[in-house]
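A.B. asks: Okay, here's the structure, questions in a sec.
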Amino acid sequence: MTDPAATLAGRKALVTGGASGIGEAVAAELAARGAHVTVADVAADAAQRVAERIGGAAWAVDLSDTTALDDLSLDVDILVNNAGIQHVRPIQEFEPDAFRRLHAIMLVAPFLLMRAALPGMYARGWGRIVNISSVHGLVASPYKSAYVSAKHGLEGLSKVAALEGGPHGVTSVCVNPGYVRTPLVEKQIADQAAVHGIGEDEVLERVLLAEQAVKRLVEPHEVASLVGWLTGPDSAMVSGGSWTMDGGWSAK
């Protein structure tokens with residue numbers, strides 16, 4: 001059996017949104033497996049703290065400024081597209097700039113980061129792309145038109161990357177959790193309460209976990225553990241798919 005602490009020795013990884021939540025857990029998991037991890041986040045101080053803790057590097061970057069990424073070149077073996085934001089509004093009330101910003105961060109930026117990383121991966125004959133999608137990359141919910149459409153687009157982008165990258169030793173997959181215990185989800189509770197006209201204490205049971213068979217939030221370390229396996233030596237034939245961690249939500 002391969003020692004998990006050595007599965008990624010010598011590999012270089014980039015994790016976007018790596019300063020908190022899922023991204024922080026993923027960065028720690030990859031570092032524990034031997035990778036040198038760059039923690040990319042718009043929150044520069046938080047990214048630096050995580051990077052120092054795991055022995056990696058920090059990259060302060062605003063992924064909503066997509067034109068700044070047009071000519072980027074990345075020397076990484078593993079790319080984890082995790083950065084994301086949420087905005088909850090009915091379509092007719094959804095601010096156009098907010099819609100564009102969600103798509104920039106969660107669809108356009110992942111494309112540009114793949115574009116920047118793939119030449120090096122192809123040259124080395126090895127690469128792993130993991131896109132942190134969502135159950136909302138597979139199904140829809142009301143009031144989340146930007147998030148749902150961006151995640152559905154990310155699913156398609158991941159599949160294309162899998163088809164193009166396969167002959168070069170590069171895999172691409174999506175990980176699709178339900179609601180994860182992160183600051184992003186905690187912020188949603190107030191928004192969901194307002195849009196549904198219910199109390200914040202009712203949101204978890206009546207909205208967030210309503211569709212799940214397993215009635216609890218996903219923990220960040222659970223997502224990170226799966227990403228660790230998907231980037232390791234036993235996942236070379238795992239490409240093009242979507243790995244659900246949604247407590248049975250999408251089984252319906």
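Residues in the structure tokens are named by chain (A, B, ... in the order shown) and by number from 1 within that chain; ligands are numbered from 1 in the order shown.
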At a cut-off of 10 Å, using only C-alpha atoms, what residues contact A:Ala104? Leave out same-chain residues fewer than 3 positions from it and give the result as a ChimeraX atom specification.
C.D. replies: /A:63-67,84,98-101,107-111,150
A.B. asks: Step one, run DSSP on the backbone; step two, keep only residues of stretch 45-230 of chain A assigned to alpha helix (DSSP H); then write them as number ranges by chain.
C.D. replies: A: 45-54, 96-103, 109-124, 145-165, 183-196, 200-203, 220-230
A.B. asks: Create the file for the chosen residues now, containing C-alpha atoms and written as a compact mmCIF listing (two decimals), in the first residue's frame.
C.D. replies:
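Ended up saving to out_30.txt:
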# COMPACT_ATOMS: atom_id res chain seq x y z
CA ASP A 45 -3.43 37.75 4.49
CA ALA A 46 -5.53 34.63 4.98
CA ALA A 47 -3.84 32.93 2.02
CA GLN A 48 -0.45 33.74 3.50
CA ARG A 49 -1.43 32.27 6.88
CA VAL A 50 -2.60 29.02 5.29
CA ALA A 51 0.50 28.84 3.10
CA GLU A 52 2.81 29.30 6.08
CA ARG A 53 0.96 26.64 8.04
CA ILE A 54 1.27 24.00 5.30
CA PRO A 96 -26.56 41.67 -14.19
CA ASP A 97 -23.15 42.57 -12.80
CA ALA A 98 -23.55 39.99 -10.03
CA PHE A 99 -24.43 37.34 -12.62
CA ARG A 100 -21.35 38.22 -14.68
CA ARG A 101 -19.10 38.17 -11.60
CA LEU A 102 -20.19 34.69 -10.55
CA HIS A 103 -19.53 33.38 -14.04
CA ALA A 109 -11.31 31.81 -14.48
CA PRO A 110 -11.17 27.98 -14.34
CA PHE A 111 -10.94 27.95 -18.16
CA LEU A 112 -8.09 30.45 -18.11
CA LEU A 113 -6.24 28.58 -15.35
CA MET A 114 -6.59 25.31 -17.28
CA ARG A 115 -5.34 27.09 -20.40
CA ALA A 116 -2.32 28.32 -18.43
CA ALA A 117 -1.53 24.96 -16.80
CA LEU A 118 -2.14 22.44 -19.58
CA PRO A 119 0.97 23.10 -21.70
CA GLY A 120 3.24 22.20 -18.80
CA MET A 121 1.14 19.19 -17.86
CA TYR A 122 1.22 17.96 -21.45
CA ALA A 123 5.00 18.43 -21.63
CA ARG A 124 5.48 16.31 -18.50
CA SER A 145 -29.46 31.18 -11.69
CA ALA A 146 -25.87 32.41 -11.80
CA TYR A 147 -24.42 29.73 -9.51
CA VAL A 148 -26.32 26.86 -11.12
CA SER A 149 -25.50 27.92 -14.68
CA ALA A 150 -21.82 28.53 -13.85
CA LYS A 151 -21.50 25.09 -12.22
CA HIS A 152 -23.28 23.42 -15.14
CA GLY A 153 -20.80 25.14 -17.44
CA LEU A 154 -17.90 23.97 -15.28
CA GLU A 155 -19.14 20.39 -15.66
CA GLY A 156 -18.97 20.71 -19.44
CA LEU A 157 -15.57 22.39 -19.35
CA SER A 158 -14.23 19.58 -17.14
CA LYS A 159 -15.45 16.93 -19.59
CA VAL A 160 -13.80 18.67 -22.55
CA ALA A 161 -10.54 18.93 -20.59
CA ALA A 162 -10.77 15.19 -19.83
CA LEU A 163 -11.18 14.32 -23.52
CA GLU A 164 -8.38 16.60 -24.66
CA GLY A 165 -6.04 15.76 -21.79
CA PRO A 183 -18.37 30.54 5.47
CA LEU A 184 -20.04 30.60 2.02
CA VAL A 185 -22.89 28.39 3.26
CA GLU A 186 -23.20 30.23 6.55
CA LYS A 187 -23.67 33.49 4.65
CA GLN A 188 -26.41 31.87 2.56
CA ILE A 189 -28.60 31.21 5.58
CA ALA A 190 -29.63 34.86 5.96
CA ASP A 191 -30.15 35.24 2.19
CA GLN A 192 -32.24 32.09 2.00
CA ALA A 193 -34.32 33.14 4.99
CA ALA A 194 -35.13 36.43 3.30
CA VAL A 195 -35.97 35.03 -0.12
CA HIS A 196 -38.11 32.18 1.28
CA GLU A 200 -32.89 31.65 9.79
CA ASP A 201 -33.28 28.74 12.21
CA GLU A 202 -35.60 27.03 9.71
CA VAL A 203 -33.31 27.36 6.69
CA PRO A 220 -14.57 20.28 4.37
CA HIS A 221 -12.14 17.51 5.30
CA GLU A 222 -14.42 14.96 3.61
CA VAL A 223 -14.20 16.85 0.31
CA ALA A 224 -10.45 17.23 0.76
CA SER A 225 -10.00 13.50 1.33
CA LEU A 226 -11.69 12.73 -1.99
CA VAL A 227 -9.59 15.33 -3.79
CA GLY A 228 -6.48 13.75 -2.29
CA TRP A 229 -7.40 10.40 -3.79
CA LEU A 230 -8.42 11.91 -7.15
A.B. asks: Residues of stretch 76-153 of chain A within 8 Å of stretch 16-24 of chain A: nearest atom pair and distance (Å, one decimal) for each, counting only C-alpha atoms, sorted by chain and number, as CSV?
C.D. replies:
residue,atom,partner,partner_atom,distance
A:Val80,CA,A:Thr16,CA,6.4
A:Asn81,CA,A:Thr16,CA,5.6
A:Asn82,CA,A:Thr16,CA,5.2
A:Ala83,CA,A:Gly17,CA,4.0
A:Gly84,CA,A:Gly17,CA,7.1
A.B. asks: Go through stretch 198-234 of chain A residue by residue and, counting only C-alpha atoms, keep those with an atom at most 12 Å from stretch 134-144 of chain A; for each kept residue give the shortest atom pair and its distance in Å to one decimal, ordered by chain and increasing number, as CSV.
C.D. replies:
residue,atom,partner,partner_atom,distance
A:Val207,CA,A:Ser141,CA,9.9
A:Leu208,CA,A:Ser141,CA,10.3
A:Ala210,CA,A:Ser141,CA,11.4
A:Glu211,CA,A:Ser141,CA,10.3
A:Gln212,CA,A:Val135,CA,10.7
A:Val218,CA,A:Ser134,CA,11.5
A:Val223,CA,A:Ser134,CA,11.0
